[in-house]
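What follows is the content of run12.txt, which has compact mmCIF, C-alpha atoms (C1' of nucleotides):
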```txt
# COMPACT_ATOMS: atom_id res chain seq x y z
CA MET J 26 0.00 0.00 0.00
CA ALA J 27 1.36 3.35 -1.09
CA GLU J 28 2.16 5.74 1.71
CA ARG J 29 0.40 9.00 2.34
CA GLY J 30 1.76 11.78 0.16
CA ALA J 31 2.66 9.47 -2.74
CA ILE J 32 1.39 10.59 -6.14
CA LEU J 33 -1.52 8.50 -7.42
CA PRO J 34 -0.38 6.61 -10.56
CA ARG J 35 -1.83 7.04 -14.04
CA GLU J 36 -3.61 3.68 -13.68
CA PHE J 37 -5.76 5.14 -10.91
CA TYR J 38 -7.70 7.05 -13.57
CA ALA J 39 -8.05 4.15 -16.05
CA ARG J 40 -11.43 3.03 -14.69
CA ASP J 41 -15.14 3.83 -14.69
CA ALA J 42 -15.73 7.43 -13.58
CA LEU J 43 -17.90 6.24 -10.70
CA ASP J 44 -15.07 4.10 -9.32
CA VAL J 45 -12.54 6.90 -9.73
CA ALA J 46 -14.97 9.28 -8.01
CA ARG J 47 -15.45 6.92 -5.07
CA ASP J 48 -11.71 6.26 -4.67
CA VAL J 49 -10.58 9.86 -5.00
CA LEU J 50 -12.60 10.85 -1.92
CA GLY J 51 -10.13 11.47 0.90
CA GLN J 52 -7.16 11.88 -1.47
CA HIS J 53 -5.25 15.15 -1.64
CA VAL J 54 -4.95 17.63 -4.51
CA ARG J 55 -1.98 20.03 -4.45
CA HIS J 56 -1.13 23.25 -6.28
CA GLY J 57 1.80 25.26 -4.94
CA ASP J 58 1.61 25.49 -1.17
CA VAL J 59 -2.09 24.61 -1.06
CA ILE J 60 -3.13 21.01 -0.35
CA LEU J 61 -6.81 20.03 -0.12
CA ARG J 62 -8.41 16.76 1.01
CA ILE J 63 -11.19 15.94 -1.47
CA THR J 64 -14.54 15.53 0.34
CA GLU J 65 -17.15 15.77 -2.43
CA VAL J 66 -17.07 14.84 -6.12
CA GLU J 67 -19.32 14.18 -9.09
CA ALA J 68 -18.77 11.54 -11.76
CA TYR J 69 -19.43 12.26 -15.44
CA ARG J 70 -19.50 9.10 -17.49
CA GLY J 71 -18.58 9.93 -21.09
CA PRO J 72 -20.75 10.81 -24.12
CA SER J 73 -23.73 8.70 -23.00
CA ASP J 74 -24.08 10.79 -19.84
CA THR J 75 -26.62 13.50 -20.70
CA ALA J 76 -25.31 15.73 -17.89
CA ALA J 77 -21.71 15.62 -19.15
CA HIS J 78 -19.84 18.02 -21.44
CA ALA J 79 -18.78 14.88 -23.32
CA ARG J 80 -22.34 14.57 -24.67
CA PHE J 81 -21.29 16.90 -27.54
CA GLY J 82 -18.31 14.70 -28.37
CA SER J 83 -14.81 16.14 -28.63
CA THR J 84 -14.90 19.91 -29.28
CA PRO J 85 -12.31 22.69 -28.83
CA ARG J 86 -13.40 23.09 -25.21
CA THR J 87 -13.46 19.40 -24.35
CA ARG J 88 -10.33 18.23 -26.13
CA THR J 89 -8.54 17.57 -22.83
CA LEU J 90 -11.62 15.67 -21.63
CA PHE J 91 -11.05 13.27 -24.53
CA GLY J 92 -7.25 13.44 -24.13
CA PRO J 93 -4.93 11.37 -21.92
CA ILE J 94 -6.30 10.10 -18.61
CA GLY J 95 -4.96 11.48 -15.33
CA HIS J 96 -4.86 15.05 -16.66
CA ALA J 97 -6.87 18.07 -15.49
CA TYR J 98 -9.92 19.25 -17.43
CA VAL J 99 -10.41 22.90 -16.43
CA TYR J 100 -13.17 25.09 -17.85
CA LEU J 101 -15.04 28.30 -17.10
CA CYS J 102 -18.62 28.07 -15.81
CA TYR J 103 -21.16 30.94 -16.00
CA GLY J 104 -18.33 33.12 -17.27
CA ILE J 105 -17.00 33.41 -13.73
CA HIS J 106 -16.03 30.19 -12.00
CA TRP J 107 -13.27 27.73 -12.94
CA MET J 108 -14.01 24.02 -12.47
CA LEU J 109 -11.37 21.36 -11.84
CA ASN J 110 -12.03 17.87 -13.21
CA LEU J 111 -9.90 14.71 -13.31
CA VAL J 112 -9.94 12.98 -16.71
CA ALA J 113 -10.81 9.29 -16.36
CA ARG J 114 -11.18 6.09 -18.40
CA GLY J 115 -10.32 7.67 -21.76
CA ASP J 116 -13.80 8.01 -23.28
CA GLY J 117 -14.71 11.55 -22.20
CA SER J 118 -15.31 10.53 -18.58
CA ALA J 119 -14.27 12.81 -15.72
CA VAL J 120 -14.64 13.52 -12.02
CA LEU J 121 -15.46 17.05 -10.84
CA ILE J 122 -14.13 18.11 -7.44
CA ARG J 123 -17.06 19.76 -5.63
CA ALA J 124 -15.74 20.30 -2.09
CA ALA J 125 -12.65 19.80 0.05
CA GLU J 126 -11.03 20.28 3.43
CA PRO J 127 -7.81 22.29 3.90
CA VAL J 128 -4.66 20.27 4.63
CA SER J 129 -2.09 23.03 4.19
CA GLY J 130 -1.70 26.50 2.72
CA LEU J 131 -4.63 27.94 4.67
CA ALA J 132 -3.21 31.46 4.43
CA SER J 133 -3.16 31.25 0.61
CA ILE J 134 -6.65 29.76 0.59
CA ARG J 135 -8.07 32.55 2.76
CA GLU J 136 -6.35 35.19 0.65
CA ARG J 137 -7.82 33.83 -2.59
CA ARG J 138 -11.25 33.35 -1.00
CA GLY J 139 -11.61 36.86 0.36
CA GLY J 140 -10.53 36.29 3.95
CA LYS J 141 -13.36 33.88 4.72
CA ASP J 142 -13.00 30.97 7.13
CA GLY J 143 -14.54 27.55 7.77
CA PRO J 144 -16.23 25.16 5.32
CA ILE J 145 -17.62 28.09 3.29
CA LEU J 146 -14.05 28.40 1.99
CA LEU J 147 -14.21 25.15 0.06
CA THR J 148 -17.78 23.83 -0.30
CA GLY J 149 -18.55 24.25 -4.01
CA PRO J 150 -16.68 23.44 -7.23
CA GLY J 151 -15.99 27.07 -8.11
CA LYS J 152 -14.45 27.63 -4.69
CA ILE J 153 -12.06 24.69 -5.12
CA ALA J 154 -10.37 26.08 -8.22
CA SER J 155 -10.39 29.55 -6.68
CA ALA J 156 -8.74 28.37 -3.45
CA LEU J 157 -6.13 26.37 -5.36
CA GLY J 158 -5.41 29.19 -7.81
CA VAL J 159 -6.39 26.98 -10.75
CA GLU J 160 -7.68 28.49 -14.02
CA ARG J 161 -7.48 28.17 -17.80
CA ARG J 162 -3.71 27.76 -18.02
CA HIS J 163 -3.97 24.57 -15.96
CA ASP J 164 -6.29 22.85 -18.42
CA GLY J 165 -4.46 19.70 -19.50
CA ALA J 166 -2.00 19.61 -16.59
CA CYS J 167 -0.82 16.08 -15.79
CA LEU J 168 -1.90 14.99 -12.31
CA TYR J 169 0.64 12.19 -11.81
CA ASP J 170 3.81 13.95 -13.02
CA PRO J 171 5.92 15.09 -10.01
CA ASP J 172 6.94 18.19 -11.98
CA SER J 173 3.37 19.15 -12.83
CA PRO J 174 1.86 22.26 -11.18
CA ILE J 175 -1.12 20.20 -9.97
CA THR J 176 -0.84 16.71 -8.50
CA VAL J 177 -3.16 14.28 -6.73
CA VAL J 178 -1.56 12.37 -3.86
CA ARG J 179 -2.51 9.66 -1.42
CA GLY J 180 -4.52 11.05 1.50
CA VAL J 181 -6.74 9.59 4.20
CA ARG J 182 -9.42 7.10 3.16
CA PRO J 183 -12.94 8.08 4.32
CA LYS J 184 -14.92 6.01 6.81
CA GLU J 185 -18.30 6.59 5.18
CA ILE J 186 -19.31 7.53 1.62
CA LEU J 187 -22.65 9.16 0.81
CA ALA J 188 -24.38 9.37 -2.56
CA GLY J 189 -26.97 11.88 -3.71
CA PRO J 190 -28.65 13.48 -6.73
CA ARG J 191 -26.91 15.89 -9.05
CA VAL J 192 -27.68 19.60 -8.94
CA GLY J 193 -27.66 22.33 -11.59
CA ILE J 194 -28.29 20.09 -14.59
CA ASP J 195 -32.00 20.53 -15.34
CA TYR J 196 -31.41 19.68 -18.99
CA ALA J 197 -30.22 16.14 -18.24
CA ASP J 198 -32.18 12.91 -18.56
CA PRO J 199 -33.76 12.07 -15.15
CA GLN J 200 -31.88 8.77 -15.02
CA HIS J 201 -28.67 10.78 -15.03
CA VAL J 202 -29.77 13.01 -12.16
CA VAL J 203 -30.47 10.48 -9.40
CA ALA J 204 -27.83 8.95 -7.11
CA PRO J 205 -25.02 7.91 -7.07
CA TRP J 206 -23.28 10.26 -9.52
CA ARG J 207 -22.57 12.73 -6.72
CA LEU J 208 -20.52 11.37 -3.82
CA ALA J 209 -19.38 12.84 -0.50
CA ILE J 210 -17.54 11.84 2.63
CA GLY J 211 -19.95 11.38 5.56
CA GLY J 212 -19.53 12.94 8.97
CA THR J 213 -17.57 16.04 7.95
CA ALA J 214 -18.56 19.70 7.81
CA TRP J 215 -16.22 20.14 4.82
CA SER J 216 -18.73 18.90 2.23
CA SER J 217 -22.38 19.41 1.29
CA GLN J 218 -24.46 16.70 2.89
CA PRO J 219 -28.15 17.37 2.22
CA LYS J 220 -30.73 14.92 3.54
CA SER J 221 -31.06 13.61 0.00
CA MET J 222 -27.67 11.92 0.39
CA SER J 223 -27.47 8.40 1.75
CA PRO J 224 -24.78 5.71 2.13
CA LEU J 225 -23.35 4.38 -1.15
CA THR J 226 -24.17 0.68 -1.14
CA GLU J 227 -22.80 -2.00 -3.45
CA ALA J 228 -26.34 -2.67 -4.69
CA VAL J 229 -26.79 0.95 -5.78
CA ARG J 230 -23.40 0.96 -7.48
CA LYS J 231 -24.14 -2.17 -9.48
CA GLN J 232 -27.55 -0.89 -10.52
CA ARG J 233 -25.98 2.31 -11.85
CA ARG J 234 -23.18 0.47 -13.61
CA ARG J 235 -25.66 -1.28 -15.93
CA ARG J 236 -27.03 1.97 -17.39
C1' DA L 5 -22.97 36.42 -37.05
C1' DA L 6 -26.46 36.11 -33.75
C1' DC L 7 -28.28 33.83 -30.06
C1' DA L 8 -29.39 31.21 -25.62
C1' DC L 9 -27.64 29.41 -21.72
C1' DG L 10 -24.59 27.03 -18.43
C1' DA L 11 -21.25 20.83 -14.04
C1' DT L 12 -21.98 28.53 -9.70
C1' DG L 13 -21.56 31.68 -5.93
C1' DG L 14 -22.66 35.66 -3.39
C1' DA L 15 -25.76 39.23 -2.05
C1' DC L 16 -30.04 40.01 -0.69
C1' DT L 17 -35.51 39.43 0.91
C1' DG Z 17 -36.40 31.57 -1.14
C1' DT Z 18 -34.82 35.35 -5.44
C1' DC Z 19 -31.70 37.82 -8.44
C1' DC Z 20 -27.85 38.18 -11.37
C1' DA Z 21 -22.72 38.86 -12.66
C1' DT Z 22 -20.18 37.63 -16.95
C1' DC Z 23 -18.29 35.10 -21.14
C1' DG Z 24 -17.16 30.85 -23.63
C1' DT Z 25 -19.52 27.43 -25.95
C1' DG Z 26 -22.63 24.91 -28.92
C1' DT Z 27 -26.35 25.67 -32.05
C1' DT Z 28 -28.46 27.52 -35.77
C1' DA Z 29 -28.26 30.15 -39.92
```
Translate this file's structure into structure tokens.
Amino acid sequence: MAERGAILPREFYARDALDVARDVLGQHVRHGDVILRITEVEAYRGPSDTAAHARFGSTPRTRTLFGPIGHAYVYLCYGIHWMLNLVARGDGSAVLIRAAEPVSGLASIRERRGGKDGPILLTGPGKIASALGVERRHDGACLYDPDSPITVVRGVRPKEILAGPRVGIDYADPQHVVAPWRLAIGGTAWSSQPKSMSPLTEAVRKQRRRR
DNA sequence: AACACGATGGACT
DNA sequence: GTCCATCGTGTTA
């Protein structure tokens, strides 16, 4: 078993987006002096996922999404917020980081987030990229290269994983809205945990996998 | 070339 | 709960 702080290998990303999403919970993402423990994510499973950018196929925006696995897919949302995704499987699949807990670099995080404090610093995908200082120039960055500006490293595995419905994707097919595309660590204030989220069971995972 | 709208967040009622 | 900033993208023409 790899020790804490070791960079996750390329192979980590060579799987179904739902499995990558589940296993990246508790891992750490680093940019400069800021390190965050990932507490909430959302899986986007390739072109067949009606909530995913990949539904349009490969376009100028999504070329990194269809590029090599284990790289960052960064894009601008609502003209304001940058989103950080991890490219998975190699078919346009990805995992969006939606919330995190500070591990180090709190001073930098607070500075970038307007001097705020507590979970409000990092609960929300736009806040993650903001706190890390990630934007357009990081699109395509390799996450397993030690010399890369952004890396994902071994963290602390969560005790409980919750699954819940997606938000902000009214245009998607209802089957792509319900659990378990959105996953969170249970029992922490550093993630959104609405009542609609419940423990991720093997039965639910298998049911989703067939779609 | 014009258009509609989005994988959001913050301010406000 | 409501409003809306702000701009790249995909769609249509």
Could you please determine the separation between atom CA of Phe81 of chain J and atom CA of Cys167 of chain J in Å, to one decimal place?
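The value is 23.6 Å.
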Nearby residues, (-19.3, 10.5, -1.6) file frame, 10 Å, all atoms listed in the file, as a ChimeraX atom specification
/J:46-51,63-67,183,185-189,205-211,216-218,222-225
Find the residues in chain Z near chain J: any atom within 9 Å counts, using only C-alpha atoms (C1' of nucleotides). Write them as a PyMOL selection string.
chain Z and resi 21-26
Just how far from atom CA of Val159 of chain J is atom CA of Arg88 of chain J, in Å to one decimal?
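Distance reported for this atom pair: 18.1 Å.
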Using only C-alpha atoms (C1' of nucleotides) and a cut-off of 12 Å, which residues of chain J sit close to chain L? Please list them as a PyMOL selection string.
chain J and resi 66-69+74-79+98-110+119-123+138-139+145-155+191-197+202+206-207
What does the distance between atom CA of Arg62 of chain J and atom CA of Ala125 of chain J come to in Å, to one decimal place?
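Going from atom CA of Arg62 of chain J over to atom CA of Ala125 of chain J, I get 5.3 Å.
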Residue among J:Pro199, J:Thr89, J:Gly180, J:Thr213 lying closest to Glu28 of chain J, counting all atoms listed in the file
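Closest to Glu28 of chain J of all the choices is J:Gly180.
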